[in-house]
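> Take a look at the following structure, please.
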Amino acid sequence: MRRIKVIKVLLAKPGLDGHDRGAKVLALGLRDHGFEVIYTGLRQTPERIVQTALQEDVDVIGLSCLSGAHTYHFPRVAELLKEQGVTDILVIGGGIIPEKDVPLLKEKGIAGVFGPGTPILQIADFIKKNIKKDLGAHGREA
Amino acid sequence: MDLIEKMRAGSQQALARLITLVEQEDPETPQILKEIYPYLGKAYTVGITGPPGAGKSTLTSRLTAVLREKGYSVGIIAADPTSPFSGGAVLGDRIRMQEHFLDEKVFIRSMATRGSHGGLPSTTPGVVKLMDAFGMDYIIVETVGVGQTELEIMETADTTVLVLVPEAGDTIQTMKAGIFEIADVFVVNKADRPGADEMVTELTNMLHISPRKEWWDTPVVATQAVNNIGIDKLYESIQGHRCAMQDTSRLAKRRKEQRRKEFIQTVEERTKRGLWQLIESDDRLTPYLEKVEAGAIDPYSAAMDLLSNGDILKDWTARTLRVRR
């Protein structure tokens with residue numbers, strides 16, 4: 001009964017874009033770094049994503065968008081979380097995100113933005129460093 | 001406990017957090033389960049098991065739709081395996097259940113097996129209880145894709161549904177011990193595929209030559225979950241089994257056995273945990289471990305020595321008493 005912290009990540013693709021290779025690569029990569037990854041498939045609405053995150057009690061939501069609609073969908077997820085009174089879920093994003101949009105996304109509550117080619121380890125480390133839920137208080141056992 | 005009150009008042013967020021606590025075997029778990037105990041017993045639990053890719057998640061989703069039409073609320077526990085190498089997991093059952101994401105009478109929770117080697121995480125019974133206490137009418141427990149011997153579902157579910165596909169094998173497969181013995185309802189899914197009729201016939205024949213339960217005639221249902229065919233029949237079969245269980249007092253008997261088992265398991269778990277804590281924190285154990293590891297003393301003599309050491313046992317008892325609430 002070693003104490004192991006298991007971090008739960010929801011990977012979601014909001015909007016209509018059908019490119020999920022990146023999300024799948026990340027799902028596998030995070031799995032191999034010891035994360036529990038919930039993947040819900042293509043074409044999600046922000047409402048569904050937030051509802052899923054609440055039921056699954058995840059620590060992190062990772063949003064992927066390659067269609068250019070990130071400036072709507074990503075902040076909308078952050079907004080819905082706020083409406084539900086949720087402040088302890090870390091929200092990050094990835095996909096084809098122009099550099100100029102990054103400050104706006106960060107301002108709207110997207111803690112990190114990761115483009116193509118980002119090493120998985122970098123994302124895993126970012127999550128571990130920035131996670132908001134206090135895992136230590138109830139360290140999960142595995 | 002505040003969270004329990006919130007959950008009882010209908011907060012899904014509170015339910016979700018309580019499940020997390022139970023799932024990670026938080027020290028609060030016995031307290032949580034104790035407090036929700038008076039609210040238990042209303043939900044009916046259906047287990048869905050079968051090999052990987054048989055259609056368990058899709059069938060679960062379709063069955064949920066039928067239950068919702070009839071006005072029942074549904075909790076779903078969907079298990080997927082934890083990696084033996086990294087401890088991580090990819091939980092993908094939800095993909096098939098999207099139609100229910102925004103239905104507030106449906107609560108879906110994905111669970112990784114986390115070190116359990118059967119078809120279900122060891123904490124599943126606790127999570128079922130939380131969903132029961134939340135007020136769900138039905139709880140569907142979907143196992144990981146199983147082989148022949150992952151039978152825990154039989155202990156968790158009131159009705160166990162075994163989902164097979166036409167390619168599952170011949171008569172001899174269906175005669176083997178294990179998974180085929182625990183089904184209360186057989187489903188042959190993907191019934192539009194070649195070989196489906198033969199599979200249904202073979203299962204039916206096998207059941208005819210098996211020693212019969214005089215109170216329940218195990219049905220074989222052909223379904224096409226993706227095309228939403230045969231789901232009503234599946235629902236009726238589950239209801240049939242439920243009624244047969246109730247009419248013959250078997251449900252009450254099963255609940256009695258479950259309670260007995262939980263009591264013994266709880267004692268066992270707490271004893272084991274107490275012992276581990278002792279091993280991790282007590283210096284007096286280190287010499288034993290070192291000697292055993294080095295091969296200087298055999299593990300059996302060391303264990304006997306340890307278990308007859310009054311001081312250590314006294315400390316252990318004291319510690320266990322302190323943890324108790």
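In the structure tokens, chains take the letters A, B, ... in the order shown, each chain's residues start at 1, and ligands count up from 1 in the order shown.
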Residues of region 4-154 of chain B in helix (DSSP H, G or I) according to DSSP, as a PDB file with C-alpha atoms, in the first residue's frame?

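Produced file states22.pdb, reproduced below:
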```pdb
ATOM      1  CA  ILE B   4     -23.067  13.923   2.729  1.00  0.00           C
ATOM      2  CA  GLU B   5     -25.776  16.448   3.539  1.00  0.00           C
ATOM      3  CA  LYS B   6     -25.081  18.236   0.283  1.00  0.00           C
ATOM      4  CA  MET B   7     -25.149  14.983  -1.632  1.00  0.00           C
ATOM      5  CA  ARG B   8     -28.443  13.980  -0.035  1.00  0.00           C
ATOM      6  CA  GLN B  12     -23.724  16.015  -7.982  1.00  0.00           C
ATOM      7  CA  GLN B  13     -20.530  17.824  -7.075  1.00  0.00           C
ATOM      8  CA  ALA B  14     -20.742  16.530  -3.513  1.00  0.00           C
ATOM      9  CA  LEU B  15     -21.420  13.015  -4.799  1.00  0.00           C
ATOM     10  CA  ALA B  16     -18.430  13.287  -7.131  1.00  0.00           C
ATOM     11  CA  ARG B  17     -16.129  14.381  -4.310  1.00  0.00           C
ATOM     12  CA  LEU B  18     -17.354  11.641  -1.985  1.00  0.00           C
ATOM     13  CA  ILE B  19     -16.689   9.076  -4.710  1.00  0.00           C
ATOM     14  CA  THR B  20     -13.153  10.420  -5.027  1.00  0.00           C
ATOM     15  CA  LEU B  21     -12.603   9.996  -1.292  1.00  0.00           C
ATOM     16  CA  VAL B  22     -13.904   6.432  -1.319  1.00  0.00           C
ATOM     17  CA  GLU B  23     -12.007   5.623  -4.504  1.00  0.00           C
ATOM     18  CA  THR B  29     -14.047   6.233   4.025  1.00  0.00           C
ATOM     19  CA  PRO B  30     -15.392   4.141   6.925  1.00  0.00           C
ATOM     20  CA  GLN B  31     -16.972   7.258   8.380  1.00  0.00           C
ATOM     21  CA  ILE B  32     -18.606   8.148   5.043  1.00  0.00           C
ATOM     22  CA  LEU B  33     -19.977   4.657   4.523  1.00  0.00           C
ATOM     23  CA  LYS B  34     -21.213   4.573   8.085  1.00  0.00           C
ATOM     24  CA  GLU B  35     -23.109   7.838   7.684  1.00  0.00           C
ATOM     25  CA  ILE B  36     -24.814   6.892   4.423  1.00  0.00           C
ATOM     26  CA  TYR B  37     -25.756   3.435   5.679  1.00  0.00           C
ATOM     27  CA  PRO B  38     -29.318   4.393   6.717  1.00  0.00           C
ATOM     28  CA  TYR B  39     -30.093   5.563   3.182  1.00  0.00           C
ATOM     29  CA  LYS B  56     -20.639  -3.138 -23.045  1.00  0.00           C
ATOM     30  CA  SER B  57     -20.473   0.668 -23.021  1.00  0.00           C
ATOM     31  CA  THR B  58     -22.833   1.106 -25.956  1.00  0.00           C
ATOM     32  CA  LEU B  59     -25.267  -1.376 -24.429  1.00  0.00           C
ATOM     33  CA  THR B  60     -25.014   0.421 -21.088  1.00  0.00           C
ATOM     34  CA  SER B  61     -25.861   3.681 -22.793  1.00  0.00           C
ATOM     35  CA  ARG B  62     -28.859   2.175 -24.636  1.00  0.00           C
ATOM     36  CA  LEU B  63     -30.142   0.468 -21.531  1.00  0.00           C
ATOM     37  CA  THR B  64     -29.836   3.766 -19.681  1.00  0.00           C
ATOM     38  CA  ALA B  65     -32.007   5.400 -22.350  1.00  0.00           C
ATOM     39  CA  VAL B  66     -34.725   2.767 -21.790  1.00  0.00           C
ATOM     40  CA  LEU B  67     -34.541   3.231 -18.016  1.00  0.00           C
ATOM     41  CA  ARG B  68     -34.780   7.003 -18.408  1.00  0.00           C
ATOM     42  CA  GLU B  69     -37.857   6.651 -20.630  1.00  0.00           C
ATOM     43  CA  ASP B  93     -16.192   4.319 -21.845  1.00  0.00           C
ATOM     44  CA  ARG B  94     -17.834   7.719 -21.702  1.00  0.00           C
ATOM     45  CA  ILE B  95     -17.371   8.198 -25.430  1.00  0.00           C
ATOM     46  CA  ARG B  96     -20.293   5.791 -25.976  1.00  0.00           C
ATOM     47  CA  MET B  97     -22.518   7.481 -23.414  1.00  0.00           C
ATOM     48  CA  GLN B  98     -22.615  11.019 -24.727  1.00  0.00           C
ATOM     49  CA  GLU B  99     -26.381  11.182 -25.133  1.00  0.00           C
ATOM     50  CA  HIS B 100     -26.699  11.255 -21.334  1.00  0.00           C
ATOM     51  CA  THR B 124     -16.565  -0.346  -6.489  1.00  0.00           C
ATOM     52  CA  PRO B 125     -18.992  -1.520  -3.758  1.00  0.00           C
ATOM     53  CA  GLY B 126     -18.462   1.745  -1.844  1.00  0.00           C
ATOM     54  CA  VAL B 127     -19.137   3.800  -4.955  1.00  0.00           C
ATOM     55  CA  VAL B 128     -22.308   1.800  -5.649  1.00  0.00           C
ATOM     56  CA  LYS B 129     -23.446   2.661  -2.114  1.00  0.00           C
ATOM     57  CA  LEU B 130     -22.821   6.369  -2.629  1.00  0.00           C
ATOM     58  CA  MET B 131     -24.931   6.342  -5.787  1.00  0.00           C
ATOM     59  CA  ASP B 132     -27.613   4.421  -3.907  1.00  0.00           C
ATOM     60  CA  ALA B 133     -27.583   6.962  -1.087  1.00  0.00           C
ATOM     61  CA  PHE B 134     -27.728   9.753  -3.668  1.00  0.00           C
ATOM     62  CA  GLU B 152     -16.317  -9.908  -8.831  1.00  0.00           C
ATOM     63  CA  ILE B 153     -19.250  -8.406 -10.687  1.00  0.00           C
ATOM     64  CA  MET B 154     -21.413 -11.271  -9.465  1.00  0.00           C
TER      65      MET B 154
END
```
> Quick one: which chain B residues come within 7 Å of chain A, and what is the nearest atom pair for each with the distance in Å to one decimal, counting only C-alpha atoms, rows ordered by chain and ascending number, as JSON lines?

```
{"residue": "B:Gln12", "atom": "CA", "partner": "A:Gln55", "partner_atom": "CA", "distance": 6.6}
{"residue": "B:Gln13", "atom": "CA", "partner": "A:Leu54", "partner_atom": "CA", "distance": 5.9}
{"residue": "B:Ala16", "atom": "CA", "partner": "A:Gln55", "partner_atom": "CA", "distance": 5.2}
{"residue": "B:Arg17", "atom": "CA", "partner": "A:Asp57", "partner_atom": "CA", "distance": 6.2}
{"residue": "B:Thr20", "atom": "CA", "partner": "A:Asp57", "partner_atom": "CA", "distance": 6.9}
{"residue": "B:Gln24", "atom": "CA", "partner": "A:Arg140", "partner_atom": "CA", "distance": 4.5}
{"residue": "B:Glu25", "atom": "CA", "partner": "A:Glu141", "partner_atom": "CA", "distance": 6.6}
{"residue": "B:Asp26", "atom": "CA", "partner": "A:His138", "partner_atom": "CA", "distance": 6.1}
{"residue": "B:Ser86", "atom": "CA", "partner": "A:Gly34", "partner_atom": "CA", "distance": 4.9}
{"residue": "B:Gly87", "atom": "CA", "partner": "A:Gly34", "partner_atom": "CA", "distance": 4.8}
{"residue": "B:Gly88", "atom": "CA", "partner": "A:Gly34", "partner_atom": "CA", "distance": 3.7}
{"residue": "B:Ala89", "atom": "CA", "partner": "A:Glu36", "partner_atom": "CA", "distance": 4.6}
{"residue": "B:Val90", "atom": "CA", "partner": "A:Val37", "partner_atom": "CA", "distance": 4.8}
{"residue": "B:Leu91", "atom": "CA", "partner": "A:Ile38", "partner_atom": "CA", "distance": 4.6}
{"residue": "B:Gly92", "atom": "CA", "partner": "A:Tyr39", "partner_atom": "CA", "distance": 5.4}
{"residue": "B:Arg94", "atom": "CA", "partner": "A:Thr40", "partner_atom": "CA", "distance": 5.7}
{"residue": "B:Ile95", "atom": "CA", "partner": "A:Thr40", "partner_atom": "CA", "distance": 4.6}
{"residue": "B:Phe101", "atom": "CA", "partner": "A:Arg48", "partner_atom": "CA", "distance": 5.9}
{"residue": "B:Leu102", "atom": "CA", "partner": "A:Arg48", "partner_atom": "CA", "distance": 6.2}
{"residue": "B:Phe107", "atom": "CA", "partner": "A:Gln55", "partner_atom": "CA", "distance": 6.7}
{"residue": "B:Ile108", "atom": "CA", "partner": "A:Gln55", "partner_atom": "CA", "distance": 6.6}
{"residue": "B:Arg109", "atom": "CA", "partner": "A:Glu56", "partner_atom": "CA", "distance": 5.5}
{"residue": "B:Ser110", "atom": "CA", "partner": "A:Glu56", "partner_atom": "CA", "distance": 6.7}
{"residue": "B:Arg114", "atom": "CA", "partner": "A:Ala142", "partner_atom": "CA", "distance": 5.6}
{"residue": "B:Gly115", "atom": "CA", "partner": "A:Ala142", "partner_atom": "CA", "distance": 6.2}
```
